[in-house]
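This report refers to the structure that appears directly beneath it.
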Amino acid sequence: MTNNLNRAKDSLSSGSYTCVLCKGSEFYTSTAKGIIPLVEFIDSGRNFKGFSAADIIVGRAAALLYVLLGADSVYADVISEGAVSVLKENGISFEYRVKTKEIHNRSNTGLCPMEEAVKNINEPQAALAAIKKRLAEIRK
């Protein structure tokens, strides 16, 4: 595990953060739920190439956004099989505490809406567009 990933992971577990990005002395954190932190990081226009990330839940949708961000490594408390595939295919190292077949919605009645939005998408930019569209639908 890289030093950056260790520090991101430690920060995730010691704070009330849902997502932490770390590279050297640079730290970016979020307490927002779901995929929102990743969309906000992307929309910020900052360059996150080479950062390590620690996240509570990483499904396929989040993994595609980590590819878009240029993450070097990712830690997840919970990771889906789809996320593992995306990260492997894109050469992003990863660690996790628990692996699950898929990520369910918060009421545990079906697939997470973000996972549903990207189920047939493999290109990170297209995934971002689909995720933003689904977020807009949910907010209505």
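Each chain in the structure tokens gets a letter, A, B and so on, in the order shown; residues start at 1 in every chain, and ligands are counted from 1 in the order they appear.
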(request) Using DSSP on the backbone, list every residue of range 32-91 of chain A that comes out as strand (DSSP E), and give them as an MDAnalysis selection string. (result) chainID A and resid 52:58 73:80
Dump of C-alpha atoms for the selected residues, as a PDB file, in the first residue's frame:
```pdb
ATOM      1  CA  SER A  52      -4.930   8.030  -3.755  1.00  0.00           C
ATOM      2  CA  ALA A  53      -8.516   7.749  -2.577  1.00  0.00           C
ATOM      3  CA  ALA A  54     -10.320   6.239   0.375  1.00  0.00           C
ATOM      4  CA  ASP A  55     -14.089   5.867   0.163  1.00  0.00           C
ATOM      5  CA  ILE A  56     -16.852   4.239   2.172  1.00  0.00           C
ATOM      6  CA  ILE A  57     -18.498   2.483  -0.798  1.00  0.00           C
ATOM      7  CA  VAL A  58     -17.072   1.996  -4.287  1.00  0.00           C
ATOM      8  CA  SER A  73      -5.030   3.799  -5.955  1.00  0.00           C
ATOM      9  CA  VAL A  74      -8.357   3.332  -4.182  1.00  0.00           C
ATOM     10  CA  TYR A  75      -9.374   1.926  -0.797  1.00  0.00           C
ATOM     11  CA  ALA A  76     -13.024   1.044  -0.129  1.00  0.00           C
ATOM     12  CA  ASP A  77     -14.701  -0.147   3.038  1.00  0.00           C
ATOM     13  CA  VAL A  78     -17.129  -1.898   0.668  1.00  0.00           C
ATOM     14  CA  ILE A  79     -16.400  -2.584  -3.002  1.00  0.00           C
ATOM     15  CA  SER A  80     -18.483  -4.295  -5.678  1.00  0.00           C
TER      16      SER A  80
END
```
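If you count only C-alpha atoms and ignore residues fewer than 5 places along the chain from Asp10 in chain A, what sits within 10 Å of it is Asn4, Leu5, Gly15, Val20 and Ala54 of chain A.
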Would you mind exporting C-alpha atoms of the selected residues as a CSV table (one decimal), in the first residue's frame?
```csv
chain,number,residue,atom,x,y,z
A,4,ASN,CA,-0.7,8.3,0.1
A,5,LEU,CA,-3.2,5.5,0.2
A,15,GLY,CA,-12.8,11.5,10.7
A,20,VAL,CA,-10.7,11.4,1.0
A,54,ALA,CA,-10.3,6.2,0.4
```
(request) Determine, counting only C-alpha atoms, which protein, DNA and RNA residues have an atom within 8 Å of an atom of range 34-40 of chain A; residues of the same chain fewer than 6 positions away are not included. Present the result as a list in words. (result) Cys19, Ile57, Ala61, Ala62, Leu65, Tyr66, Met114, Leu128 and Lys132 of chain A
(message) Show me, as a PyMOL selection string, the residues that have an atom within 8 Å of Gly59 in chain A when counting only C-alpha atoms, minus same-chain residues fewer than 5 positions from it.
(response) chain A and resi 79-83+102-103+115
(request) Give me, please, the distance in Å between CA of Leu12 in chain A and CA of Ala71 in chain A, quoted to one decimal. (result) 16.2 Å
(message) Quick check, in Å to one decimal: how far apart do CA of Ser16 in chain A and CA of Thr29 in chain A lie?
(response) 9.6 Å
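The spacing separating CA of Asn120 in chain A from CA of Leu21 in chain A amounts to 27.2 Å.
Closest approach to Ser44 in chain A from the set A:Leu135, A:Leu69, A:Ile121, A:Ala63 is made by A:Leu69, with distances taken over only C-alpha atoms.
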(request) Give me every helix (DSSP H, G or I) residue in chain A, going by DSSP on the backbone, as number ranges by chain. (result) A: 3-14, 36-43, 60-69, 81-89, 113-117, 124-139
May I have the residues within 9 Å of Gly91 in chain A as a tab-separated table (two decimals) with N, CA and C atoms, in the first residue's frame, using only C-alpha atoms and disregarding those fewer than 4 positions away in the same chain?
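Saved as out.tsv:
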```tsv
chain	number	residue	atom	x	y	z
A	72	ASP	N	-4.63	7.02	-8.59
A	72	ASP	CA	-3.53	6.06	-8.63
A	72	ASP	C	-3.89	4.78	-7.89
A	73	SER	N	-4.62	4.93	-6.78
A	73	SER	CA	-5.03	3.80	-5.96
A	73	SER	C	-6.30	4.17	-5.20
A	86	VAL	N	-13.52	-2.75	-13.10
A	86	VAL	CA	-13.18	-1.44	-13.69
A	86	VAL	C	-11.79	-1.01	-13.25
A	87	LEU	N	-11.51	-1.12	-11.97
A	87	LEU	CA	-10.21	-0.69	-11.45
A	87	LEU	C	-9.08	-1.53	-12.05
```
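Residues surrounding His104 in chain A within 9 Å are A:Thr109, A:Gly110, A:Leu111, A:Cys112, A:Pro113, A:Glu115 [only C-alpha atoms; sequence separation below 5 positions excluded].
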For the residues in the current selection, export C-alpha atoms as a PDB file, in the first residue's frame.
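Result file follows (part_1.pdb):
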```pdb
ATOM      1  CA  THR A 109     -34.832  -2.815  -2.311  1.00  0.00           C
ATOM      2  CA  GLY A 110     -32.783  -2.958  -5.487  1.00  0.00           C
ATOM      3  CA  LEU A 111     -29.681  -1.829  -7.281  1.00  0.00           C
ATOM      4  CA  CYS A 112     -28.174   1.562  -6.418  1.00  0.00           C
ATOM      5  CA  PRO A 113     -29.523   4.150  -8.899  1.00  0.00           C
ATOM      6  CA  GLU A 115     -25.051   1.568 -10.572  1.00  0.00           C
TER       7      GLU A 115
END
```
